[in-house]
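Enquirer: There's a structure below that I have some questions on.
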Amino acid sequence: MALGCAAASAQPKLSQDNIPEIVSALSTEQKACLVVGFNSGCEGYDPGIPGTGGITYPIPQFGIPSIVMMDGPVGVRLESDWKDGKGPVHFMTSFPTGLLTAASWDRTVAYKLGQGIAEECLSVGADVILGPGMNLLRNPLCGRNFEYFSEDPLLSGSIAAAYVNGVQDKGVGTSVKHFAANNQEVNRLDADSRLDTRALRELYVRGFEICLRESSPWTLMASYNMLNGTYTQESHELLTDILRGDFGYEGLVVTDWTGKRNTPAQVHAGCDLFMGGMKVQTEHILQSIENGSLAIEDLDRAVTKVLELIVKTPAFRGNNPDYQPDLVSHAKLARELACEGMVLMKNNETLPLQPCRAALFGVHSYDLIPGGNGAAFIECPPVVQVYDGLKDAGFSLDDGLKRLYDGYAAFAAADVALNHKIPVHVGKAQKSELEITFDLIKSVEKTSDVAVITLGRVSGEARDRSLSKEFFFSKEEVDLVKNVCDVFHAAGKKVAVVLNICGAVDTESWSNYPDAILCAWLPGEEGGHSIADVMTGKVNPSGRLPMSFPLDYFDFAGAFDFPYEFKGTRANESAAHPERRGMDPKNISFTDYVESVFVGYRDLFTAGKSAAYPFGFGLSYTRFIYSDIEISQSGENVELDVTVTNVGQVAGKDALGIYVQAPLGRFERKPLCELRAFGKTALLEHGQSEKMHFTIPLRDLASFNSELSRWEVAEGKYVFRFGADNSNPFVTKAFKLSTPRNYPVRRACEPKNK
Ligand code: BGC
């Protein structure tokens, strides 16, 4: 079929006020073009910015420009030109990744991150950043966990909303992704996530619901996977009944970058824009309208959403071609934000360190992993290494070790490139650790006061991590920690480990050895400075774990129901038809979420299992106490007051979680504790207090009754636990609700989004 997207004359020009008029004036062919990404099959296609995720179809005679969507979510993924093979020409800032942002437990951190990213979008002419990514951390091995926020939907949803508000307050759009239950990368295009309605409502769409309550993302991305046998992109129940109906979402739904599927079913379900876009999808829409399998009203809805999006964008409002991002101040911002989410996991009177002679071990001390791979990979300026950060902070470092590791890093990179040990979609593969002899450690110890070891783990899109090779550290890595500790401890010297990681890792096999452990996540391009800021006490660590680190991976109820040891190469390809390859389709073709709502800390805590490091855990160089706790009911809300006082010696911030244990009501089981509110104090000086106030709507204490399709708040005693770490509350207080409440799925007065 030939597409007639050619000009017509004297047409109305698009404005904010005439969208219905434009929709009536467009031909069916033009409409079918507009809802499919402008692609290489279209005349005049020009992707514009290198690395563009996708652009929309322009129709100049109606004043409809093409708009640009860029990845996302931890910065602008500009695909750089390379100059004479020497290095990229354009850089964008590699900001700290999602997990670190969530580990700040601070909405202002996510907001500032959003602002920085939006400024970079404006500088390259991008209209929408393809982020935040906010799928729930169902399993520690999901390859994209580093992009996401938490195993808890409240933390995920609120941090995501702050990111959205930060970006959009600068006039750039966001795309909250990937809706929904997209929790593994193996067979990511087709895997069927099978879960019960309660888990869906309480966990997997709950974060999105919260995000939409606290912000108004211009776009939302429908995921690749299936949900209970239906592609999410074809699910009317998910995209229309739940998303638009129950959550009141008014923005645009874009497909994750899928080729042709059942296009009319997708439009009918609620997809408004098909990205990256294929000519065949436009043709499919036209055929479906012609043969009656797609109603023109559905197409008009999609067209309206596309136009409503376009009129908000910089491309429509008029890009400022001279807009330059201030990369220097963004580097400072990246440094500041990264400090906010670093988690001090162990500290045996070791940190903060005064500048001294330090021996730096581990390949990642010299080759820090700033971010992860895939859509989130950022081509950034040279990364500040742990070595650089400590050197700039006044440490004297062993240069022999630096030469050794620099040489090894080059070899390890070449080795990975040649042997493709761990295939990567876009970005950089994991390097293995260098074996360091006991003798070398001993000789370095003689001229050092302290040792710092950096252990790294990277992951990315299209691959999940393997349990044996990537959750656990290798023998070389564990031996390095053990041997360095043996030698330095024998000389009465301390050892600190820096974790430069994309997600939870095993700590049981080695965490007893070092004196201090700092989790720096994937901290962005300024990581070395931020690590030094925290290690020296310039910044007092206030990050808290946004997920549990288990004692044993198999402690999680859903651990077996995940491709934890997938043997294929590229997860998309090799997994598509596992049964034809003689593979077990379980966890590849489909994954059963057997654990239902018992995910992460909800599971461990309820089952009475300790975590190696529990959800919310994080040490500080100071100490806080809580007092003057008041809990009262006011109408449909619970009001809470708590005073946080810094009783230690140095200034610091405290992240406070409020966990609730609800009475069972009609439910057989409920998690014994669920995060229902959180906040972070300002920087409190020694002796200083802050009074914090929280309002928790009663509805937010509810569990979802799937049979009756409603939220139920049982009557009885609610136990509120105040503290950072869910398993170790500082204070527990009870509150009694005398009458039960039932709430419909559809919120009466929501959304309050702008
Ligand atoms: C990823 C999305 C990304 C898109 C565009 C997809 O493969 O799943 O997260 O935004 O590509 O690059």
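If you're wondering about the labels, chains in the structure tokens are A, B, ... by order shown, residues count from 1 in each chain, ligands from 1 in order shown.
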What residues have any atom no more than 6 Å from ligand 1 when counting only C-alpha atoms and all ligand atoms, and can you list them as an MDAnalysis selection string?
Expert: chainID A and resid 53 71 130 256:257 375
Enquirer: Would you put the residues from that selection into a file with all heavy atoms, as an mmCIF file, in the first residue's frame?
Expert:
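So again-v5.cif came out as:
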data_model
loop_
_atom_site.group_PDB
_atom_site.id
_atom_site.type_symbol
_atom_site.label_atom_id
_atom_site.label_comp_id
_atom_site.auth_asym_id
_atom_site.auth_seq_id
_atom_site.Cartn_x
_atom_site.Cartn_y
_atom_site.Cartn_z
ATOM 1 N N GLY A 53 16.565 7.748 20.183
ATOM 2 C CA GLY A 53 15.773 6.532 20.384
ATOM 3 C C GLY A 53 14.715 6.416 19.301
ATOM 4 O O GLY A 53 14.511 5.368 18.702
ATOM 5 N N ASP A 71 17.080 7.989 24.892
ATOM 6 C CA ASP A 71 17.379 7.268 26.135
ATOM 7 C C ASP A 71 18.294 8.136 26.977
ATOM 8 O O ASP A 71 19.065 8.935 26.438
ATOM 9 C CB ASP A 71 18.079 5.946 25.795
ATOM 10 C CG ASP A 71 17.054 4.879 25.430
ATOM 11 O OD1 ASP A 71 16.090 4.719 26.189
ATOM 12 O OD2 ASP A 71 17.223 4.240 24.390
ATOM 13 N N LEU A 130 13.704 8.976 27.770
ATOM 14 C CA LEU A 130 13.050 7.678 27.966
ATOM 15 C C LEU A 130 13.391 7.131 29.360
ATOM 16 O O LEU A 130 14.187 6.214 29.526
ATOM 17 C CB LEU A 130 13.441 6.723 26.843
ATOM 18 C CG LEU A 130 12.978 7.217 25.465
ATOM 19 C CD1 LEU A 130 13.534 6.349 24.346
ATOM 20 C CD2 LEU A 130 11.459 7.271 25.387
ATOM 21 N N ASP A 256 7.254 0.041 24.059
ATOM 22 C CA ASP A 256 8.698 -0.164 24.050
ATOM 23 C C ASP A 256 9.045 -0.576 22.623
ATOM 24 O O ASP A 256 8.187 -1.015 21.860
ATOM 25 C CB ASP A 256 9.129 -1.229 25.062
ATOM 26 C CG ASP A 256 10.641 -1.146 25.343
ATOM 27 O OD1 ASP A 256 11.348 -0.422 24.608
ATOM 28 O OD2 ASP A 256 11.115 -1.804 26.293
ATOM 29 N N TRP A 257 10.287 -0.434 22.288
ATOM 30 C CA TRP A 257 10.721 -0.464 20.882
ATOM 31 C C TRP A 257 10.496 -1.841 20.234
ATOM 32 O O TRP A 257 11.395 -2.630 20.038
ATOM 33 C CB TRP A 257 12.173 -0.018 20.832
ATOM 34 C CG TRP A 257 12.353 1.476 20.628
ATOM 35 C CD1 TRP A 257 13.153 2.056 19.682
ATOM 36 C CD2 TRP A 257 11.756 2.572 21.324
ATOM 37 N NE1 TRP A 257 13.067 3.441 19.759
ATOM 38 C CE2 TRP A 257 12.215 3.780 20.759
ATOM 39 C CE3 TRP A 257 10.823 2.672 22.363
ATOM 40 C CZ2 TRP A 257 11.826 5.040 21.187
ATOM 41 C CZ3 TRP A 257 10.426 3.935 22.802
ATOM 42 C CH2 TRP A 257 10.925 5.089 22.215
ATOM 43 N N ALA A 375 20.301 0.667 26.902
ATOM 44 C CA ALA A 375 19.711 1.990 26.679
ATOM 45 C C ALA A 375 20.283 3.021 27.648
ATOM 46 O O ALA A 375 20.366 4.210 27.335
ATOM 47 C CB ALA A 375 18.201 1.904 26.860
#
Enquirer: Taking the chain letters and numbering used in this document, name the residues of stretch 472-714 of chain A that DSSP puts in helix (DSSP H, G or I), as a ChimeraX atom specification.
Expert: /A:475-490,527-535,553-555,571-575,578-581,601-606,698-701
Enquirer: Between A:Ser365, A:His529, A:Gly171, A:Cys356, which residue has the minimum interatomic distance to A:Asp392, considering only C-alpha atoms?
Expert: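 Closest to A:Asp392 of all the choices is A:His529.
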Enquirer: Between atom CA of A:Gly635 and atom CA of A:Phe694, what is the distance in Å, rounded to a tenth?
Expert: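 So the answer is 14.6 Å.
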Enquirer: Neighbours of A:Glu477 within 10 Å (only C-alpha atoms; same-chain residues fewer than 2 positions away dropped), as an MDAnalysis selection string?
Expert: chainID A and resid 362:363 432:436 453:456 472:475 479:483 510
Enquirer: Using only C-alpha atoms, pick whichever of A:Asp555, A:Glu470, A:Asp106, A:Glu349 has the shortest atom-to-atom distance to A:Gly657.
Expert: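 Of A:Asp555, A:Glu470, A:Asp106, A:Glu349, the one nearest A:Gly657, counting only C-alpha atoms, is A:Asp106.
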Enquirer: List as a list in words the protein and nucleic acid residues near A:Val594, meaning an atom at most 8 Å away when only C-alpha atoms are counted, but skip any in the same chain fewer than 2 places from it.
Expert: Leu195, Ala557, Gly558, Asp561, Asp592 and Ser596 of chain A
Enquirer: Which residue out of A:Lys567, A:Ala191, A:Asn139, A:Ala315 has the minimum interatomic distance to A:Ile67 when only C-alpha atoms are used?
Expert: A:Ala315
Enquirer: For stretch 608-613 of chain A, list every protein, DNA or RNA residue within 6 Å, evaluated using only C-alpha atoms, and leave out those in the same chain fewer than 6 positions away; present the list as a list in words.
Expert: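 With the cut-off at 6 Å, the set is Phe549, Pro550 and Leu551 of chain A.
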Enquirer: Which neighbours of A:Thr56 fall inside 12 Å, counting only C-alpha atoms, when residues of the same chain fewer than 2 positions from it are skipped, and could you give them as a ChimeraX atom specification?
Expert: /A:31-40,42,45-48,52-54,58-59,64-70,126-128,254,272-278,303,306-307,309-310,313,315
Enquirer: Rounded to one decimal, what separation in Å do you get between atom CA of A:Ala393 and atom CA of A:Val450?
Expert: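 One can read the atom CA of A:Ala393 to atom CA of A:Val450 distance as 14.8 Å.
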Enquirer: Just checking: using only C-alpha atoms, which residue out of A:Ile369, A:Leu99, A:Leu113, A:Val452 ends up closest to A:Glu336?
Expert: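 That would be A:Leu113, the residue with the smallest distance to A:Glu336.
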Enquirer: Pick out the residues sitting within 9 Å of A:Tyr553, and hand them over as number ranges by chain; count only C-alpha atoms, and ignore anything fewer than 6 positions along from it in its own chain.
Expert: A: 140, 467, 471, 505-506, 559
Enquirer: Could you take the residues named above and write them with N, CA and C atoms, as a PDB file, in the first residue's frame?
Expert:
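Result file follows (selection28.pdb):
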ATOM      1  N   PRO A 140      17.232 -10.125  42.543  1.00  0.00           N
ATOM      2  CA  PRO A 140      18.484  -9.355  42.504  1.00  0.00           C
ATOM      3  C   PRO A 140      19.264  -9.496  41.201  1.00  0.00           C
ATOM      4  N   LEU A 467      23.817 -16.295  38.616  1.00  0.00           N
ATOM      5  CA  LEU A 467      24.022 -16.422  40.062  1.00  0.00           C
ATOM      6  C   LEU A 467      25.480 -16.768  40.359  1.00  0.00           C
ATOM      7  N   PHE A 471      26.552 -12.841  40.698  1.00  0.00           N
ATOM      8  CA  PHE A 471      26.056 -12.492  42.034  1.00  0.00           C
ATOM      9  C   PHE A 471      27.183 -12.763  43.031  1.00  0.00           C
ATOM     10  N   VAL A 505      24.697  -8.210  45.716  1.00  0.00           N
ATOM     11  CA  VAL A 505      25.718  -9.230  45.467  1.00  0.00           C
ATOM     12  C   VAL A 505      25.838 -10.093  46.717  1.00  0.00           C
ATOM     13  N   ASP A 506      26.544 -11.189  46.580  1.00  0.00           N
ATOM     14  CA  ASP A 506      26.817 -11.998  47.762  1.00  0.00           C
ATOM     15  C   ASP A 506      27.814 -11.243  48.646  1.00  0.00           C
ATOM     16  N   ALA A 559      13.116 -17.234  44.307  1.00  0.00           N
ATOM     17  CA  ALA A 559      14.463 -17.352  43.743  1.00  0.00           C
ATOM     18  C   ALA A 559      14.564 -18.369  42.609  1.00  0.00           C
TER      19      ALA A 559
END
Enquirer: Ranking A:Gly537, A:Gly723, A:Gly248, A:Pro153 by minimum distance to A:Asp700 and counting only C-alpha atoms, which one comes first?
Expert: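 When distances to A:Asp700 are compared using only C-alpha atoms, the smallest one comes from A:Pro153.
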Enquirer: Just to confirm, what's the straight-line distance from atom CA of A:Ser27 to atom CA of A:Arg301 in Å (one decimal)?
Expert: 14.4 Å
Enquirer: Looking only at strand (DSSP E) from DSSP on the backbone, list the matching residues of stretch 75-304 of chain A as a PyMOL selection string.
Expert: chain A and resi 82-83+87-88+128-129+173-179+192-194+219-222+226-227+230-231+252-255
Enquirer: Using C-alpha atoms, can you write the selected residues to a file as a PDB file, in the first residue's frame?
Expert:
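Result went into selection.pdb, see below:
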ATOM      1  CA  TRP A  82      34.468   8.825  17.112  1.00  0.00           C
ATOM      2  CA  LYS A  83      37.365  10.997  16.152  1.00  0.00           C
ATOM      3  CA  GLY A  87      37.604   8.797  21.308  1.00  0.00           C
ATOM      4  CA  PRO A  88      34.128  10.217  21.205  1.00  0.00           C
ATOM      5  CA  VAL A 128      11.356  13.369  25.825  1.00  0.00           C
ATOM      6  CA  ILE A 129      13.839  11.397  27.918  1.00  0.00           C
ATOM      7  CA  GLY A 173       8.976  15.149  28.751  1.00  0.00           C
ATOM      8  CA  THR A 174       9.556  11.833  30.500  1.00  0.00           C
ATOM      9  CA  SER A 175       8.609   8.261  29.709  1.00  0.00           C
ATOM     10  CA  VAL A 176       7.955   6.203  32.788  1.00  0.00           C
ATOM     11  CA  LYS A 177       8.912   2.639  31.909  1.00  0.00           C
ATOM     12  CA  HIS A 178       8.335  -0.320  31.519  1.00  0.00           C
ATOM     13  CA  PHE A 179       4.661  -0.888  32.311  1.00  0.00           C
ATOM     14  CA  ASP A 192       5.167 -14.194  30.112  1.00  0.00           C
ATOM     15  CA  SER A 193       5.110 -12.861  33.673  1.00  0.00           C
ATOM     16  CA  ARG A 194       2.474 -14.914  35.442  1.00  0.00           C
ATOM     17  CA  THR A 219       4.465   9.565  28.351  1.00  0.00           C
ATOM     18  CA  LEU A 220       4.521   6.053  29.771  1.00  0.00           C
ATOM     19  CA  MET A 221       6.146   3.090  28.049  1.00  0.00           C
ATOM     20  CA  ALA A 222       4.297  -0.204  27.694  1.00  0.00           C
ATOM     21  CA  MET A 226       3.418 -10.592  28.386  1.00  0.00           C
ATOM     22  CA  LEU A 227       1.367 -10.446  31.519  1.00  0.00           C
ATOM     23  CA  THR A 230      -1.303 -11.228  26.928  1.00  0.00           C
ATOM     24  CA  TYR A 231       1.317  -8.794  25.712  1.00  0.00           C
ATOM     25  CA  LEU A 252       0.494   9.179  26.071  1.00  0.00           C
ATOM     26  CA  VAL A 253       1.323   5.471  26.013  1.00  0.00           C
ATOM     27  CA  VAL A 254       4.292   4.576  23.828  1.00  0.00           C
ATOM     28  CA  THR A 255       5.272   1.007  23.046  1.00  0.00           C
TER      29      THR A 255
END
